[in-house]
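**Q** See target_39.tsv below, with TSV, C-alpha atoms.
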```
chain	number	residue	atom	x	y	z
A	1	MET	CA	-15.11	-14.98	-0.19
A	2	ALA	CA	-13.23	-12.66	2.09
A	3	ASP	CA	-10.82	-13.76	4.79
A	4	ILE	CA	-9.59	-12.11	7.97
A	5	GLY	CA	-6.41	-10.23	7.23
A	6	LYS	CA	-6.82	-10.40	3.45
A	7	THR	CA	-9.30	-7.54	3.02
A	8	PHE	CA	-10.02	-4.14	4.49
A	9	VAL	CA	-12.75	-1.53	3.97
A	10	VAL	CA	-12.09	2.03	2.79
A	11	GLU	CA	-14.32	4.91	1.75
A	12	LYS	CA	-14.15	6.31	-1.79
A	13	PHE	CA	-15.87	9.05	-3.78
A	14	CYS	CA	-18.32	8.16	-6.55
A	15	PRO	CA	-18.00	10.52	-9.55
A	16	VAL	CA	-21.51	9.65	-10.75
A	17	CYS	CA	-23.68	10.40	-7.69
A	18	GLU	CA	-20.94	12.37	-5.87
A	19	LYS	CA	-21.43	10.46	-2.62
A	20	THR	CA	-18.99	8.54	-0.45
A	21	PHE	CA	-19.31	4.77	-0.65
A	22	ARG	CA	-17.54	1.78	0.90
A	23	VAL	CA	-15.06	-0.41	-0.96
A	24	VAL	CA	-13.43	-3.70	0.01
A	25	LYS	CA	-9.78	-3.83	-0.99
A	26	THR	CA	-7.44	-6.81	-0.86
A	27	ARG	CA	-3.99	-6.98	0.65
A	28	SER	CA	-1.02	-7.90	-1.52
A	29	ARG	CA	0.25	-10.96	0.35
A	30	ILE	CA	-1.97	-13.81	-0.78
A	31	MET	CA	-0.69	-17.36	-1.32
A	32	VAL	CA	-0.57	-18.31	-5.02
A	33	LEU	CA	-1.33	-21.93	-5.87
A	34	LYS	CA	-0.95	-21.92	-9.67
A	35	ARG	CA	-1.25	-19.86	-12.83
A	36	ASP	CA	-3.20	-20.88	-15.91
A	37	ASP	CA	-1.87	-20.30	-19.41
A	38	ASP	CA	-4.33	-17.42	-19.97
A	39	ALA	CA	-2.98	-15.51	-16.92
A	40	CYS	CA	-5.61	-16.61	-14.40
A	41	VAL	CA	-4.01	-16.89	-10.96
A	42	HIS	CA	-5.43	-19.34	-8.42
A	43	TYR	CA	-5.02	-18.42	-4.76
A	44	GLU	CA	-5.26	-20.40	-1.55
A	45	ASN	CA	-8.73	-20.15	0.05
A	46	PHE	CA	-9.37	-16.73	-1.44
A	47	ASN	CA	-10.20	-15.08	-4.76
A	48	PRO	CA	-9.17	-11.41	-5.06
A	49	TYR	CA	-10.93	-11.20	-8.44
A	50	TYR	CA	-14.16	-11.07	-6.46
A	51	TYR	CA	-13.19	-7.52	-5.45
A	52	THR	CA	-11.81	-6.19	-8.74
A	53	VAL	CA	-15.01	-4.31	-9.55
A	54	TRP	CA	-16.20	-1.62	-7.17
A	55	ILE	CA	-19.91	-0.83	-6.84
A	56	CYS	CA	-21.30	2.40	-5.46
A	57	GLU	CA	-23.95	1.38	-2.94
A	58	HIS	CA	-25.88	4.61	-3.55
A	59	CYS	CA	-26.26	4.75	-7.35
A	60	GLY	CA	-25.15	1.30	-8.53
A	61	PHE	CA	-22.27	2.41	-10.75
A	62	ALA	CA	-19.77	-0.43	-11.18
A	63	ALA	CA	-16.23	-0.27	-12.54
A	64	ASP	CA	-12.64	-1.01	-11.60
A	65	GLU	CA	-10.51	1.16	-9.33
A	66	ALA	CA	-8.83	2.99	-12.22
A	67	THR	CA	-12.19	4.14	-13.57
A	68	PHE	CA	-13.39	5.43	-10.20
A	69	THR	CA	-10.15	7.25	-9.45
A	70	THR	CA	-9.56	8.79	-12.91
A	71	LYS	CA	-11.62	11.74	-14.12
A	72	ILE	CA	-14.56	10.52	-16.20
A	73	PRO	CA	-15.29	12.83	-19.15
A	74	ASP	CA	-18.39	14.99	-18.65
A	75	ARG	CA	-20.15	13.49	-21.68
A	76	TYR	CA	-19.90	10.03	-20.10
A	77	LEU	CA	-20.99	11.27	-16.69
A	78	LYS	CA	-24.10	12.77	-18.27
A	79	ILE	CA	-25.02	9.42	-19.83
A	80	LEU	CA	-24.37	7.50	-16.60
A	81	ARG	CA	-26.37	9.95	-14.50
A	82	ASN	CA	-29.29	9.77	-16.91
A	83	VAL	CA	-29.24	6.00	-16.59
A	84	LEU	CA	-28.55	5.63	-12.87
A	85	LEU	CA	-29.78	8.66	-10.99
A	86	THR	CA	-33.24	8.58	-12.53
A	87	ARG	CA	-33.89	5.01	-11.38
A	88	ASN	CA	-32.98	5.20	-7.69
A	89	ILE	CA	-30.72	2.16	-7.97
A	90	LYS	CA	-29.19	1.02	-4.69
A	91	ILE	CA	-26.83	-1.93	-4.31
A	92	PRO	CA	-26.36	-3.13	-0.71
A	93	PHE	CA	-22.76	-3.03	0.47
A	94	VAL	CA	-21.31	-6.52	0.95
A	95	GLU	CA	-18.03	-6.81	2.81
A	96	GLU	CA	-17.56	-10.52	2.17
A	97	ARG	CA	-18.51	-11.15	-1.43
A	98	GLN	CA	-19.82	-14.49	-2.56
A	99	PHE	CA	-19.75	-15.82	-6.10
A	100	SER	CA	-23.09	-14.22	-6.99
A	101	ASP	CA	-21.95	-10.81	-5.72
A	102	ALA	CA	-18.77	-10.96	-7.81
A	103	SER	CA	-20.44	-12.12	-11.01
A	104	THR	CA	-23.12	-9.44	-10.65
A	105	ALA	CA	-20.44	-6.78	-10.18
A	106	PHE	CA	-18.66	-7.77	-13.39
A	107	ARG	CA	-21.89	-7.99	-15.36
A	108	LEU	CA	-22.87	-4.49	-14.21
A	109	ALA	CA	-19.45	-3.13	-15.15
A	110	LEU	CA	-19.72	-4.69	-18.61
A	111	LYS	CA	-23.23	-3.28	-19.01
A	112	TYR	CA	-22.12	0.27	-18.24
A	113	LEU	CA	-19.18	-0.05	-20.65
A	114	GLU	CA	-21.63	-1.20	-23.32
A	115	ILE	CA	-23.83	1.84	-22.65
A	116	LEU	CA	-20.81	4.12	-22.97
A	117	ASN	CA	-19.38	2.23	-25.95
A	118	GLY	CA	-16.26	1.82	-23.84
A	119	LYS	CA	-12.87	0.64	-24.99
A	120	ALA	CA	-12.59	-2.97	-26.13
A	121	SER	CA	-9.48	-3.48	-24.00
A	122	LYS	CA	-11.40	-2.71	-20.80
A	123	ARG	CA	-14.34	-4.84	-21.87
A	124	ALA	CA	-11.91	-7.67	-22.62
A	125	LYS	CA	-10.40	-7.38	-19.15
A	126	TYR	CA	-13.80	-7.55	-17.43
A	127	ALA	CA	-15.07	-10.44	-19.58
A	128	HIS	CA	-11.83	-12.37	-19.12
A	129	GLN	CA	-11.82	-12.02	-15.34
A	130	LEU	CA	-15.49	-12.93	-15.16
A	131	ALA	CA	-14.64	-16.10	-17.10
A	132	TRP	CA	-12.01	-16.87	-14.44
A	133	ILE	CA	-14.63	-16.55	-11.73
A	134	TYR	CA	-16.87	-19.01	-13.54
A	135	ARG	CA	-13.85	-21.30	-14.04
A	136	GLU	CA	-13.27	-21.45	-10.30
A	137	ALA	CA	-16.97	-22.19	-9.79
A	138	GLY	CA	-16.81	-25.03	-12.31
A	139	ASP	CA	-19.41	-23.45	-14.62
A	140	THR	CA	-17.86	-24.32	-17.97
A	141	GLU	CA	-20.81	-23.03	-20.00
A	142	GLN	CA	-20.58	-19.51	-18.57
A	143	GLU	CA	-16.78	-19.62	-18.64
A	144	THR	CA	-16.89	-20.42	-22.35
A	145	GLU	CA	-19.39	-17.64	-23.00
A	146	PHE	CA	-17.21	-14.99	-21.41
A	147	LEU	CA	-13.94	-16.35	-22.81
A	148	THR	CA	-15.56	-15.99	-26.23
A	149	LYS	CA	-16.53	-12.40	-25.47
A	150	ALA	CA	-13.06	-11.68	-24.07
A	151	VAL	CA	-11.21	-12.95	-27.13
A	152	GLU	CA	-13.47	-10.94	-29.44
A	153	PHE	CA	-12.80	-7.78	-27.41
A	154	TYR	CA	-9.04	-8.47	-27.31
A	155	GLU	CA	-8.99	-8.83	-31.10
A	156	GLU	CA	-10.94	-5.59	-31.48
A	157	ALA	CA	-8.57	-3.81	-29.10
A	158	LEU	CA	-5.55	-5.10	-31.00
A	159	ALA	CA	-6.99	-3.69	-34.23
A	160	LYS	CA	-8.19	-0.32	-32.90
A	161	GLU	CA	-6.20	0.67	-29.80
A	162	HIS	CA	-2.63	1.72	-29.16
A	163	PHE	CA	-0.62	-0.43	-26.77
A	164	PRO	CA	0.84	-0.66	-24.20
A	165	ILE	CA	-2.26	-0.16	-22.07
A	166	ASP	CA	-1.38	-0.28	-18.38
A	167	ALA	CA	1.20	-3.10	-18.32
A	168	LEU	CA	-0.28	-4.93	-21.30
A	169	THR	CA	1.68	-4.83	-24.57
A	170	ASP	CA	0.32	-5.78	-27.96
A	171	ASN	CA	2.42	-8.97	-27.91
A	172	ALA	CA	0.99	-9.87	-24.51
A	173	VAL	CA	-2.50	-9.47	-26.00
A	174	VAL	CA	-1.56	-11.69	-28.95
A	175	TYR	CA	-0.42	-14.35	-26.47
A	176	LEU	CA	-3.63	-14.06	-24.42
A	177	ILE	CA	-5.73	-14.43	-27.57
A	178	ALA	CA	-3.82	-17.60	-28.44
A	179	ALA	CA	-4.23	-19.01	-24.93
A	180	ILE	CA	-7.96	-18.29	-24.93
A	181	TYR	CA	-8.49	-19.86	-28.35
A	182	ARG	CA	-6.72	-22.96	-27.10
A	183	ARG	CA	-9.10	-23.16	-24.15
A	184	LEU	CA	-12.02	-22.70	-26.52
A	185	GLY	CA	-10.79	-25.67	-28.55
A	186	ASP	CA	-9.72	-23.69	-31.62
A	187	GLU	CA	-6.10	-24.77	-31.93
A	188	LYS	CA	-5.84	-23.50	-35.51
A	189	LYS	CA	-6.42	-19.91	-34.40
A	190	ALA	CA	-4.29	-20.42	-31.30
A	191	LYS	CA	-1.33	-21.50	-33.44
A	192	LEU	CA	-1.92	-18.65	-35.86
A	193	TYR	CA	-1.52	-16.10	-33.07
A	194	LEU	CA	1.38	-17.94	-31.44
A	195	SER	CA	3.25	-17.96	-34.75
A	196	LYS	CA	3.08	-14.14	-34.78
A	197	ILE	CA	5.18	-14.15	-31.60
A	198	ILE	CA	7.47	-17.09	-32.26
A	199	GLY	CA	8.26	-15.87	-35.77
A	200	ASP	CA	9.21	-12.37	-34.62
A	201	GLN	CA	12.82	-12.06	-33.46
A	202	ASN	CA	12.07	-8.61	-32.03
A	203	VAL	CA	9.73	-10.21	-29.51
A	204	ARG	CA	12.43	-12.71	-28.55
A	205	THR	CA	14.83	-9.83	-27.90
A	206	LEU	CA	12.53	-7.22	-26.38
A	207	GLU	CA	9.93	-9.40	-24.61
A	208	PRO	CA	11.65	-12.71	-23.86
A	209	ARG	CA	9.07	-13.65	-21.21
A	210	ILE	CA	6.21	-13.44	-23.71
A	211	TYR	CA	8.30	-15.27	-26.30
A	212	ASP	CA	9.09	-18.11	-23.89
A	213	LYS	CA	5.45	-18.40	-22.80
A	214	ALA	CA	4.40	-18.63	-26.46
A	215	ARG	CA	7.00	-21.35	-27.13
A	216	ASP	CA	5.86	-23.27	-24.05
A	217	LEU	CA	2.21	-23.05	-25.08
A	218	TRP	CA	3.09	-24.18	-28.60
A	219	GLY	CA	4.97	-27.15	-27.13
A	220	ASP	CA	2.03	-28.05	-24.90
A	221	MET	CA	-0.29	-28.05	-27.88
A	222	ARG	CA	2.04	-30.15	-30.03
A	223	GLY	CA	2.49	-32.57	-27.16
A	224	GLY	CA	-1.27	-32.84	-26.64
A	225	ARG	CA	-0.99	-31.68	-23.03
A	226	LYS	CA	-4.14	-30.41	-21.37
A	227	TYR	CA	-4.32	-26.91	-19.95
```
Show me this structure written as structure tokens.
**A**
Amino acid sequence: MADIGKTFVVEKFCPVCEKTFRVVKTRSRIMVLKRDDDACVHYENFNPYYYTVWICEHCGFAADEATFTTKIPDRYLKILRNVLLTRNIKIPFVEERQFSDASTAFRLALKYLEILNGKASKRAKYAHQLAWIYREAGDTEQETEFLTKAVEFYEEALAKEHFPIDALTDNAVVYLIAAIYRRLGDEKKAKLYLSKIIGDQNVRTLEPRIYDKARDLWGDMRGGRKY
């Protein structure tokens, strides 16, 4: 789902097999059509989420840019090399990814995180974005499956990890959990998490954007408005 002018190819180094592989990156100027309440952004005639996960064409390692460009601890590299380099896995490079290429990339990334017992916050991010890809494709069954995984990982991350992580604060995670539960049809849990934000004056003062989004979502639910 690439488009002329929206993507470009660069070469990067794979820390697992130590070879150079090709990556498709997206440009920043892409027309936004709308944003869903759980942070999914819809773009005009293009889906940059298709390119979030990089795949090394030589060994098959899949992860996001931050993972590839940050030093991976030796103990994790040993595990990955035992899994990947002994099986002669090769993933053909695809410059213009289709839906199947994108979903496979995310599933591989989730699989490797599972093998490494990776952080719940990263697993939540991958599962959530994969759900968005299925949403765009109209596959509600798979979207529901990965939204369910995402919310479970977000809750685990909230309990075990220290935020902020990247640009994500703990209150932002609480909001995302509420938005996902609403989409899953569990309004009781959605309201429970929203009340944690709305009832906290510190959030209103320090993170007014999150507070306002929580109030808006609460109002949508009370008004019976669809997402």
**Q** For Lys125 of chain A, please output as a list in words all residues within 10 Å (counting only C-alpha atoms; exclusion window: fewer than 3 positions along the same chain).
**A**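 After dropping sequence-adjacent residues, the list is Leu110, Ala120, Ser121, Lys122, His128, Gln129, Leu130, Ala131, Ala150, Val151, Phe153 and Tyr154 of chain A.
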**Q** Residues around (-2.4, -15.4, -3.1), cut-off 7 Å, counting only C-alpha atoms - what are they as JSON, numbers by chain?
**A** {"A": [29, 30, 31, 32, 43, 44]}
**Q** Identify, on the basis of all atoms listed in the file, every residue whose closest approach to Tyr50 of chain A does not exceed 10 Å; exclude the query and any residue fewer than 6 positions from it along the same chain; express the result as a PyMOL selection string.
**A** chain A and resi 1-2+24+26+96-103+105-106+129-130+133
**Q** Compile the contact shell of Lys78 of chain A as a count of residues only: residues with an atom at most 12 Å away, counting only C-alpha atoms, same-chain residues fewer than 3 positions apart removed.
**A** 15
**Q** Check the smallest atom-to-atom distance from each of A:Arg183, A:Arg123, A:His162, A:Lys19 to Thr140 of chain A using all atoms listed in the file, then report the winner.
**A**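 Among the listed residues, the smallest separation from Thr140 of chain A belongs to A:Arg183.
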